[in-house]
Structure formats: C-alpha cells, structure tokens
>>> print(open('model_23.tsv').read())   # TSV, C-alpha atoms and all ligand atoms
chain	number	residue	atom	x	y	z
P	1	MET	CA	45.69	185.03	85.57
P	2	GLY	CA	46.14	185.90	89.18
P	3	LYS	CA	45.88	183.76	92.26
P	4	ARG	CA	49.17	182.67	93.74
P	5	TRP	CA	50.69	183.22	97.12
P	6	PHE	CA	52.06	186.63	96.23
P	7	GLY	CA	48.86	187.67	94.52
P	8	LEU	CA	47.84	190.43	96.91
P	9	LEU	CA	51.30	191.93	96.99
P	10	ALA	CA	51.56	192.11	93.22
P	11	ALA	CA	47.97	193.28	92.82
P	12	GLY	CA	48.86	196.27	94.96
P	13	LEU	CA	51.43	197.30	92.38
P	14	LEU	CA	48.94	197.45	89.54
P	15	VAL	CA	48.28	200.94	88.34
P	16	ALA	CA	44.70	201.85	87.54
P	17	GLY	CA	43.82	203.95	84.52
P	18	VAL	CA	43.92	207.62	85.44
P	19	LEU	CA	41.21	209.97	84.23
P	20	VAL	CA	41.89	213.62	83.72
P	21	PRO	CA	38.83	215.65	84.70
P	22	ALA	CA	37.45	217.64	81.81
P	23	ALA	CA	37.69	221.39	82.22
P	24	PRO	CA	35.43	223.94	80.54
P	25	ALA	CA	36.59	226.25	77.76
P	26	MET	CA	39.40	223.93	76.79
P	27	ALA	CA	40.61	222.90	73.38
P	28	ALA	CA	38.93	219.88	71.85
P	29	PRO	CA	39.80	216.58	73.50
P	30	THR	CA	42.15	214.31	71.61
P	31	PHE	CA	39.58	211.99	70.15
P	32	LYS	CA	40.68	208.57	69.03
P	33	VAL	CA	39.13	205.96	66.77
P	34	PRO	CA	36.38	204.31	68.88
P	35	PHE	CA	37.77	200.78	68.60
P	36	PRO	CA	40.49	198.91	70.48
P	37	CYS	CA	44.15	199.59	69.84
P	38	GLY	CA	45.52	198.13	66.63
P	39	GLN	CA	42.21	197.57	64.87
P	40	SER	CA	41.49	198.95	61.41
P	41	TRP	CA	37.97	200.02	60.43
P	42	SER	CA	36.42	201.39	57.29
P	43	GLY	CA	34.77	204.74	58.04
P	44	GLN	CA	32.30	206.36	55.72
P	45	THR	CA	30.98	209.91	55.55
P	46	ARG	CA	28.27	210.94	53.11
P	47	THR	CA	26.29	214.02	52.34
P	48	ASN	CA	22.91	212.45	53.04
P	49	HIS	CA	23.88	211.25	56.51
P	50	SER	CA	22.00	212.55	59.54
P	51	PRO	CA	23.52	214.43	61.12
P	52	ALA	CA	25.75	215.40	58.22
P	53	TYR	CA	29.16	214.91	59.82
P	54	SER	CA	28.44	211.47	61.30
P	55	LEU	CA	30.78	208.62	60.51
P	56	ASP	CA	29.64	205.02	59.94
P	57	PHE	CA	32.19	202.34	60.77
P	58	ASN	CA	32.36	198.80	59.43
P	59	ARG	CA	34.70	195.85	59.18
P	60	THR	CA	34.22	192.20	58.27
P	61	ASP	CA	32.02	190.28	60.72
P	62	ASP	CA	31.70	193.32	62.95
P	63	LEU	CA	28.50	192.36	64.74
P	64	GLY	CA	29.34	192.20	68.46
P	65	ASP	CA	32.77	193.78	68.16
P	66	PRO	CA	33.68	196.04	71.11
P	67	VAL	CA	33.25	199.80	70.85
P	68	VAL	CA	35.48	201.92	73.07
P	69	ALA	CA	35.36	205.47	74.40
P	70	SER	CA	36.91	207.99	72.02
P	71	ALA	CA	38.34	210.08	74.83
P	72	PRO	CA	38.07	210.30	78.61
P	73	GLY	CA	34.77	211.59	79.92
P	74	THR	CA	31.58	210.80	81.75
P	75	VAL	CA	28.80	208.68	80.30
P	76	ASP	CA	25.69	210.85	80.40
P	77	ARG	CA	23.29	208.87	78.26
P	78	VAL	CA	22.67	205.13	77.90
P	79	THR	CA	19.41	204.96	75.99
P	80	ASP	CA	17.40	202.44	73.99
P	81	LEU	CA	15.14	204.11	71.42
P	82	GLY	CA	13.82	200.74	70.27
P	83	GLY	CA	13.43	200.16	66.55
P	84	THR	CA	13.93	203.78	65.51
P	85	SER	CA	16.75	206.28	65.10
P	86	TYR	CA	19.90	205.45	67.11
P	87	GLY	CA	18.40	202.34	68.70
P	88	LYS	CA	20.71	201.57	71.60
P	89	TYR	CA	23.16	204.41	72.03
P	90	VAL	CA	25.69	205.87	74.43
P	91	ARG	CA	26.68	209.50	74.81
P	92	ILE	CA	29.87	210.56	76.55
P	93	ASN	CA	30.39	214.07	77.88
P	94	HIS	CA	34.04	215.09	77.49
P	95	GLY	CA	33.70	218.54	79.04
P	96	GLY	CA	34.14	221.89	77.33
P	97	GLY	CA	30.89	221.32	75.43
P	98	TYR	CA	32.26	218.27	73.59
P	99	SER	CA	30.40	214.98	73.42
P	100	THR	CA	30.48	211.80	71.37
P	101	TYR	CA	27.67	209.49	70.27
P	102	TYR	CA	27.84	205.74	69.62
P	103	ALA	CA	24.66	204.37	68.03
P	104	HIS	CA	22.96	201.15	66.84
P	105	LEU	CA	24.78	199.22	69.59
P	106	ASN	CA	24.05	195.58	70.28
P	107	GLY	CA	24.41	196.10	74.01
P	108	PHE	CA	25.79	198.36	76.71
P	109	ASN	CA	28.87	197.96	78.90
P	110	VAL	CA	28.56	201.25	80.84
P	111	SER	CA	25.95	203.10	82.86
P	112	VAL	CA	25.05	206.79	83.25
P	113	GLY	CA	27.46	208.66	85.49
P	114	GLN	CA	30.36	206.29	84.86
P	115	SER	CA	33.79	207.77	84.19
P	116	VAL	CA	35.55	206.27	81.21
P	117	GLY	CA	39.03	206.54	79.80
P	118	TYR	CA	40.67	205.77	76.47
P	119	GLY	CA	40.07	202.21	75.39
P	120	LYS	CA	37.18	201.57	77.76
P	121	VAL	CA	34.67	199.20	76.17
P	122	ILE	CA	31.30	200.97	76.30
P	123	GLY	CA	29.24	198.54	74.23
P	124	TRP	CA	29.22	196.33	71.13
P	125	VAL	CA	28.54	196.92	67.48
P	126	GLY	CA	24.95	196.13	66.53
P	127	SER	CA	22.16	196.96	64.15
P	128	THR	CA	19.53	198.38	66.51
P	129	GLY	CA	17.21	201.29	65.73
P	130	GLY	CA	16.90	202.50	62.16
P	131	SER	CA	19.82	200.43	60.93
P	132	THR	CA	19.84	198.02	58.02
P	133	GLY	CA	22.99	196.15	58.98
P	134	PRO	CA	25.62	196.03	61.72
P	135	HIS	CA	27.77	199.16	61.94
P	136	LEU	CA	28.78	201.82	64.41
P	137	HIS	CA	27.26	205.25	63.87
P	138	TYR	CA	29.62	207.75	65.49
P	139	GLU	CA	29.38	211.49	66.07
P	140	GLN	CA	31.41	214.25	67.66
P	141	ARG	CA	29.43	217.25	68.85
P	142	LEU	CA	30.20	220.67	70.29
P	143	ASN	CA	27.48	222.32	72.34
P	144	GLY	CA	24.98	219.92	70.82
P	145	ALA	CA	25.80	220.59	67.15
P	146	ASP	CA	27.56	217.91	65.13
P	147	ILE	CA	31.08	218.82	64.07
P	148	GLN	CA	33.46	217.31	61.56
P	149	VAL	CA	35.12	214.28	63.12
P	150	ARG	CA	38.80	214.44	64.02
P	151	PHE	CA	41.05	211.69	65.30
P	152	ASN	CA	44.26	212.80	66.99
P	153	GLY	CA	43.45	216.24	65.60
P	154	ALA	CA	43.34	215.03	61.97
P	155	LEU	CA	40.15	215.67	60.03
P	156	ALA	CA	38.24	212.61	58.83
P	157	LEU	CA	37.65	212.23	55.09
P	158	TYR	CA	34.72	214.36	53.90
P	159	TRP	CA	33.21	212.94	51.82
P	160	GLY	CA	34.04	209.34	51.26
P	161	THR	CA	35.29	206.09	52.74
P	162	LYS	CA	38.73	205.40	54.17
P	163	ASN	CA	40.40	203.12	56.68
P	164	TYR	CA	41.08	204.39	60.16
P	165	SER	CA	43.45	202.47	62.40
P	166	SER	CA	43.09	202.78	66.13
P	167	ASP	CA	45.72	203.83	68.65
P	168	ASN	CA	43.02	204.10	71.28
P	169	GLY	CA	44.17	202.70	74.60
P	170	CYS	CA	47.48	201.40	73.28
P	171	GLY	CA	49.32	202.87	76.24
P	172	SER	CA	48.38	203.19	79.85
P	173	SER	CA	44.80	202.05	79.56
P	174	GLY	CA	45.92	198.62	78.39
P	175	GLY	CA	46.77	195.94	80.87
P	176	ALA	CA	50.11	194.87	82.20
P	177	GLY	CA	51.43	191.55	83.31
P	178	THR	CA	54.52	189.61	84.23
P	179	VAL	CA	55.44	186.39	82.50
P	180	ASP	CA	56.03	183.51	84.91
P	181	THR	CA	57.07	180.21	83.40
P	182	SER	CA	59.37	179.13	86.22
P	183	GLY	CA	62.33	179.27	83.90
P	184	THR	CA	61.81	178.54	80.25
P	185	PRO	CA	60.99	181.32	77.74
P	186	LEU	CA	57.32	181.59	76.80
P	187	THR	CA	56.44	181.04	73.15
P	188	VAL	CA	54.78	183.95	71.36
P	189	ARG	CA	52.21	182.89	68.75
P	190	SER	CA	50.85	184.70	65.72
P	191	GLY	CA	47.30	184.13	66.97
P	192	PRO	CA	45.40	183.14	70.13
P	193	GLY	CA	46.19	179.45	70.23
P	194	THR	CA	48.85	176.78	70.31
P	195	GLY	CA	48.01	175.94	66.69
P	196	TYR	CA	49.30	179.30	65.48
P	197	SER	CA	52.88	179.59	64.39
P	198	ALA	CA	55.59	180.52	66.90
P	199	VAL	CA	56.86	184.02	66.19
P	200	GLY	CA	59.23	184.48	69.11
P	201	THR	CA	59.62	184.10	72.83
P	202	VAL	CA	59.31	186.19	75.98
P	203	ALA	CA	61.71	185.61	78.85
P	204	ASP	CA	60.55	184.35	82.21
P	205	GLY	CA	60.01	187.38	84.43
P	206	ALA	CA	59.50	189.81	81.55
P	207	ARG	CA	57.00	192.61	81.96
P	208	VAL	CA	54.47	192.77	79.11
P	209	THR	CA	51.88	195.31	78.00
P	210	ILE	CA	48.59	193.66	77.11
P	211	GLN	CA	46.80	195.52	74.31
P	212	CYS	CA	43.73	193.32	74.37
P	213	GLN	CA	42.59	189.85	75.36
P	214	THR	CA	40.70	187.16	73.53
P	215	SER	CA	39.63	183.55	73.82
P	216	GLY	CA	41.68	180.78	72.24
P	217	THR	CA	42.90	177.30	72.93
P	218	SER	CA	43.02	176.12	76.52
P	219	VAL	CA	46.46	176.11	78.15
P	220	THR	CA	47.54	174.87	81.55
P	221	GLY	CA	50.35	176.97	82.97
P	222	THR	CA	51.72	178.55	86.11
P	223	TYR	CA	48.37	180.08	87.00
P	224	GLY	CA	46.14	177.16	86.20
P	225	THR	CA	44.12	176.42	83.08
P	226	SER	CA	42.89	179.26	80.90
P	227	THR	CA	41.51	179.86	77.41
P	228	ILE	CA	42.52	183.55	77.56
P	229	TRP	CA	45.25	184.84	75.27
P	230	ASP	CA	46.93	188.20	75.66
P	231	ARG	CA	47.94	190.27	72.64
P	232	ILE	CA	51.28	191.91	73.39
P	233	GLY	CA	51.88	193.32	69.91
P	234	SER	CA	50.68	193.14	66.35
P	235	GLY	CA	50.33	189.44	65.54
P	236	ARG	CA	51.87	188.50	68.91
P	237	PHE	CA	49.89	186.48	71.46
P	238	ILE	CA	50.82	184.67	74.66
P	239	SER	CA	48.75	182.40	76.87
P	240	ASP	CA	47.38	184.19	79.93
P	241	ALA	CA	47.95	180.99	81.92
P	242	TYR	CA	51.61	182.05	82.21
P	243	VAL	CA	51.03	185.75	82.89
P	244	TYR	CA	50.53	187.34	86.26
P	245	THR	CA	47.97	190.14	85.77
P	246	GLY	CA	46.37	190.34	89.21
P	247	HIS	CA	43.12	188.98	87.81
P	248	ASP	CA	41.68	185.55	87.24
P	249	GLY	CA	39.94	185.84	83.90
P	250	TYR	CA	39.80	188.96	81.81
P	251	ILE	CA	41.42	192.15	83.09
P	252	PRO	CA	38.78	194.84	83.78
P	253	GLY	CA	39.08	197.74	81.34
P	254	VAL	CA	41.27	195.90	78.84
P	255	PRO	CA	39.42	195.45	75.54
P	256	ARG	CA	38.70	192.18	73.79
P	257	CYS	CA	40.67	191.83	70.63
S	1	ZN	ZN	25.14	206.53	60.57
>>> encode(input="model_23.tsv", output="structure tokens")
Amino acid sequence: MGKRWFGLLAAGLLVAGVLVPAAPAMAAPTFKVPFPCGQSWSGQTRTNHSPAYSLDFNRTDDLGDPVVASAPGTVDRVTDLGGTSYGKYVRINHGGGYSTYYAHLNGFNVSVGQSVGYGKVIGWVGSTGGSTGPHLHYEQRLNGADIQVRFNGALALYWGTKNYSSDNGCGSSGGAGTVDTSGTPLTVRSGPGTGYSAVGTVADGARVTIQCQTSGTSVTGTYGTSTIWDRIGSGRFISDAYVYTGHDGYIPGVPRC
C-alpha cells in the first residue's frame, strides 16, 4: 500500500529493477525457471516433442498461473497463431543469439520492444494453439535452433519428467516494503489470510522483501483496507495493508504468487 503523507519521499527511495543490456558473442545468459520465485513445476522432455529439446511445464490447477521471463532481454514477438501450433506465444531476445519461447499462453502481459528482467510476468499459462490441456511449452534457442534447456547452467533432464523449483526473481526484481503498524509487531501467517495460522511476527519498521503478492482476506491497516497479501518467505505472508511499498494495489513487476 502507499498513500500517506510521506508517500512521495519514500517512493523516491524505491529502486527499480536494473536491466543489463545483452552483448553479442557472450556466454549463454543465466536462464532461470520461467515461473515466480519459490514455485515448483513438473517439467517434461520427450523424444517426440517439437522441437526436440522443448520442455512442457505443469502443476496442479495451472491454468492462468503467471509465466515470467527466464532471463533479462527484449520481447521481440507477441503473436497469436490462433488454434494451431504455439497459439499465443512470446519470444524474448536475450542477445548473443539466444532467445526463449513461451507458448500456449492464455494471455499476454508484455508487448514487442519491451525490456524485461528476471521475474517479469510476461503472460499466463493457457491451452491455446495445438494444445490439449493447460501447460507452458518452453524453449531455449541459439541462432534460431533449439538447444537443450539449462537453468542456472544445469542441464534439464533429457529425457523424462522432473520437478524444477524457481529462484527466478527472488532477489532484486522482487518488491520491497517497510512494515508500519504504529508500534505492535505484525503477525506473519502461513497463507494469505487472517484464517491461516500465525507463524511469527515482523517488527514495526522492519524492511521486508516481497517475493510475490496475492489476494486474500480483507484487512484494514495503516494504509487503508486491502485484500493484498505479501509473501516474504516460504509459507510466510503479511497483509499489505500494513506495508509501505510506494504503490496502492499490486507492485508493478512483482509476480502474483
Ligand atoms: Zn510442448
């Protein structure tokens, strides 16, 4: 939440995500799992996939889940092929000949020419194009040819299915905020609502890193009434109504949990 008398002053202190321009003839970018920090997804490779080294991601009830940029770059394709092939897909150019593809999306959250960083939500998992059920079809390419997928330099499983957990955007591309309760410690909950169990407290005035945000029970706090909850760790949520973030509502660039 944001608007109070010192809002402009504090907003000036917020640090925007910094993009490093891609340079040609560089080593491969450090690609990360294309989902928000902390999430775990089942990724499958198979020999009859097209192209061969593509990875299909799934998790329970994944329709509409946010998909994030694998690495910094520039969006150079936001295309809807209709009921065939990739359907709705995004391509990101990472420089040095490297690009990534995100296909069968439900919708887009970026446009061509946009610079993106780690953790940036580019669209949502869907089942568009030649897809028989919701999943993310993901590719890494070098000079147009598909290459075996690597996350943080580690080769994906070829061939088979394994779980990949995301550290994408866990650091600087997350949001930051300051807890303001006017005195009492703020209760940390195991989920996004007052009905979840208390798992700790955060002191008034504490600085917190917000990994992602989601909707939960409505709380009235220092910054008004809000249904937004901020995840500040694994299984740790606080009401955004008590957190100064410089923004009313969701923080731009911070993923939904
Ligand atoms: Zn696929």
>>> closest_residue(input="model_23.tsv", among="P:Ser70, P:Ser190, P:Ser85, P:Ser99", to="Val116 (chain P)", atoms="all atoms listed in the file")
P:Ser70
>>> residues_near_ligand(input="model_23.tsv", ligand="ligand ZN 1 (chain S)", cutoff="8 Å", atoms="only C-alpha atoms and all ligand atoms", output="ChimeraX atom specification")
/P:49-50,54-56,103,135-138
>>> residues_around(input="model_23.tsv", residues="Thr74 (chain P)", least_positions_apart="3", cutoff="6 Å", atoms="all atoms listed in the file", output="ChimeraX atom specification")
/P:92-93,113-115
>>> residues_around(input="model_23.tsv", residues="region 236-240 of chain P", least_positions_apart="3", cutoff="8 Å", atoms="all atoms listed in the file", output="list in words")
Met1, Leu186, Thr187, Val188, Arg189, Ser190, Gly191, Pro192, Gly193, Val199, Val219, Ser226, Thr227, Ile228, Trp229, Asp230, Arg231, Ile232, Gly233, Val243 and Tyr244 of chain P
>>> residues_around(input="model_23.tsv", residues="Asp62 (chain P)", least_positions_apart="2", cutoff="12 Å", atoms="all atoms listed in the file", output="MDAnalysis selection string")
chainID P and resid 35 39:42 57:60 64:67 105:106 124:127 133:136 257
>>> residues_around(input="model_23.tsv", residues="Gly160 (chain P)", least_positions_apart="2", cutoff="9 Å", atoms="only C-alpha atoms", output="list of chain:residue names")
P:Gly43, P:Gln44, P:Thr45, P:Arg46, P:Leu157, P:Tyr158, P:Lys162
>>> closest_residue(input="model_23.tsv", among="P:Val75, P:Thr100, P:Thr184, P:Gln213", to="Arg150 (chain P)", atoms="only C-alpha atoms")
P:Thr100
>>> closest_residue(input="model_23.tsv", among="P:Thr220, P:Tyr98, P:Ala28, P:Gly87", to="Ser131 (chain P)", atoms="all atoms listed in the file")
P:Gly87
>>> build_atoms(input="model_23.tsv", residues="region 85-96 of chain P", atoms="all heavy atoms", output="mmCIF file, keeping the file's coordinate frame")
data_model
loop_
_atom_site.group_PDB
_atom_site.id
_atom_site.type_symbol
_atom_site.label_atom_id
_atom_site.label_comp_id
_atom_site.auth_asym_id
_atom_site.auth_seq_id
_atom_site.Cartn_x
_atom_site.Cartn_y
_atom_site.Cartn_z
ATOM 1 N N SER P 85 15.629 205.356 64.910
ATOM 2 C CA SER P 85 16.750 206.280 65.100
ATOM 3 C C SER P 85 18.024 205.543 65.545
ATOM 4 O O SER P 85 18.424 204.575 64.910
ATOM 5 C CB SER P 85 16.346 207.361 66.100
ATOM 6 O OG SER P 85 17.363 208.312 66.242
ATOM 7 N N TYR P 86 18.631 206.010 66.630
ATOM 8 C CA TYR P 86 19.900 205.450 67.110
ATOM 9 C C TYR P 86 19.764 204.036 67.674
ATOM 10 O O TYR P 86 20.775 203.376 67.878
ATOM 11 C CB TYR P 86 20.463 206.315 68.227
ATOM 12 C CG TYR P 86 20.982 207.680 67.857
ATOM 13 C CD1 TYR P 86 20.916 208.732 68.770
ATOM 14 C CD2 TYR P 86 21.598 207.912 66.635
ATOM 15 C CE1 TYR P 86 21.427 209.992 68.466
ATOM 16 C CE2 TYR P 86 22.115 209.155 66.320
ATOM 17 C CZ TYR P 86 22.026 210.200 67.244
ATOM 18 O OH TYR P 86 22.538 211.421 66.949
ATOM 19 N N GLY P 87 18.526 203.609 67.990
ATOM 20 C CA GLY P 87 18.400 202.340 68.700
ATOM 21 C C GLY P 87 19.079 202.438 70.048
ATOM 22 O O GLY P 87 18.856 203.395 70.799
ATOM 23 N N LYS P 88 19.962 201.504 70.338
ATOM 24 C CA LYS P 88 20.710 201.570 71.600
ATOM 25 C C LYS P 88 21.935 202.461 71.403
ATOM 26 O O LYS P 88 22.763 202.172 70.541
ATOM 27 C CB LYS P 88 21.152 200.172 72.041
ATOM 28 C CG LYS P 88 19.993 199.290 72.459
ATOM 29 C CD LYS P 88 20.474 197.912 72.883
ATOM 30 C CE LYS P 88 19.272 197.070 73.335
ATOM 31 N NZ LYS P 88 19.658 195.678 73.596
ATOM 32 N N TYR P 89 22.017 203.524 72.202
ATOM 33 C CA TYR P 89 23.160 204.410 72.030
ATOM 34 C C TYR P 89 23.706 204.916 73.355
ATOM 35 O O TYR P 89 23.020 204.940 74.375
ATOM 36 C CB TYR P 89 22.822 205.577 71.091
ATOM 37 C CG TYR P 89 22.022 206.713 71.687
ATOM 38 C CD1 TYR P 89 22.652 207.888 72.081
ATOM 39 C CD2 TYR P 89 20.645 206.618 71.834
ATOM 40 C CE1 TYR P 89 21.917 208.958 72.599
ATOM 41 C CE2 TYR P 89 19.906 207.677 72.339
ATOM 42 C CZ TYR P 89 20.546 208.845 72.725
ATOM 43 O OH TYR P 89 19.826 209.888 73.244
ATOM 44 N N VAL P 90 24.964 205.328 73.280
ATOM 45 C CA VAL P 90 25.690 205.870 74.430
ATOM 46 C C VAL P 90 26.178 207.254 74.061
ATOM 47 O O VAL P 90 26.622 207.482 72.922
ATOM 48 C CB VAL P 90 26.897 204.975 74.805
ATOM 49 C CG1 VAL P 90 27.827 205.667 75.803
ATOM 50 C CG2 VAL P 90 26.425 203.632 75.364
ATOM 51 N N ARG P 91 26.076 208.185 74.994
ATOM 52 C CA ARG P 91 26.680 209.500 74.810
ATOM 53 C C ARG P 91 27.683 209.726 75.931
ATOM 54 O O ARG P 91 27.402 209.417 77.098
ATOM 55 C CB ARG P 91 25.626 210.607 74.840
ATOM 56 C CG ARG P 91 26.211 211.983 74.496
ATOM 57 C CD ARG P 91 25.133 213.045 74.413
ATOM 58 N NE ARG P 91 24.700 213.447 75.753
ATOM 59 C CZ ARG P 91 23.724 214.336 75.971
ATOM 60 N NH1 ARG P 91 23.073 214.880 74.961
ATOM 61 N NH2 ARG P 91 23.387 214.660 77.211
ATOM 62 N N ILE P 92 28.839 210.238 75.559
ATOM 63 C CA ILE P 92 29.870 210.560 76.550
ATOM 64 C C ILE P 92 30.110 212.061 76.530
ATOM 65 O O ILE P 92 30.311 212.658 75.472
ATOM 66 C CB ILE P 92 31.190 209.809 76.254
ATOM 67 C CG1 ILE P 92 30.974 208.292 76.288
ATOM 68 C CG2 ILE P 92 32.268 210.209 77.269
ATOM 69 C CD1 ILE P 92 32.192 207.486 75.883
ATOM 70 N N ASN P 93 30.103 212.648 77.721
ATOM 71 C CA ASN P 93 30.390 214.070 77.880
ATOM 72 C C ASN P 93 31.874 214.231 78.202
ATOM 73 O O ASN P 93 32.363 213.710 79.203
ATOM 74 C CB ASN P 93 29.528 214.610 79.031
ATOM 75 C CG ASN P 93 29.761 216.082 79.287
ATOM 76 O OD1 ASN P 93 30.676 216.686 78.728
ATOM 77 N ND2 ASN P 93 28.935 216.667 80.128
ATOM 78 N N HIS P 94 32.593 214.940 77.324
ATOM 79 C CA HIS P 94 34.040 215.090 77.490
ATOM 80 C C HIS P 94 34.423 216.425 78.120
ATOM 81 O O HIS P 94 35.604 216.753 78.237
ATOM 82 C CB HIS P 94 34.738 214.934 76.136
ATOM 83 C CG HIS P 94 34.416 213.639 75.468
ATOM 84 N ND1 HIS P 94 35.011 212.448 75.844
ATOM 85 C CD2 HIS P 94 33.542 213.327 74.479
ATOM 86 C CE1 HIS P 94 34.510 211.472 75.092
ATOM 87 N NE2 HIS P 94 33.623 211.977 74.272
ATOM 88 N N GLY P 95 33.420 217.219 78.490
ATOM 89 C CA GLY P 95 33.700 218.540 79.040
ATOM 90 C C GLY P 95 33.948 219.548 77.935
ATOM 91 O O GLY P 95 34.156 219.192 76.765
ATOM 92 N N GLY P 96 33.881 220.838 78.299
ATOM 93 C CA GLY P 96 34.140 221.890 77.330
ATOM 94 C C GLY P 96 33.096 221.969 76.238
ATOM 95 O O GLY P 96 33.333 222.596 75.200
#
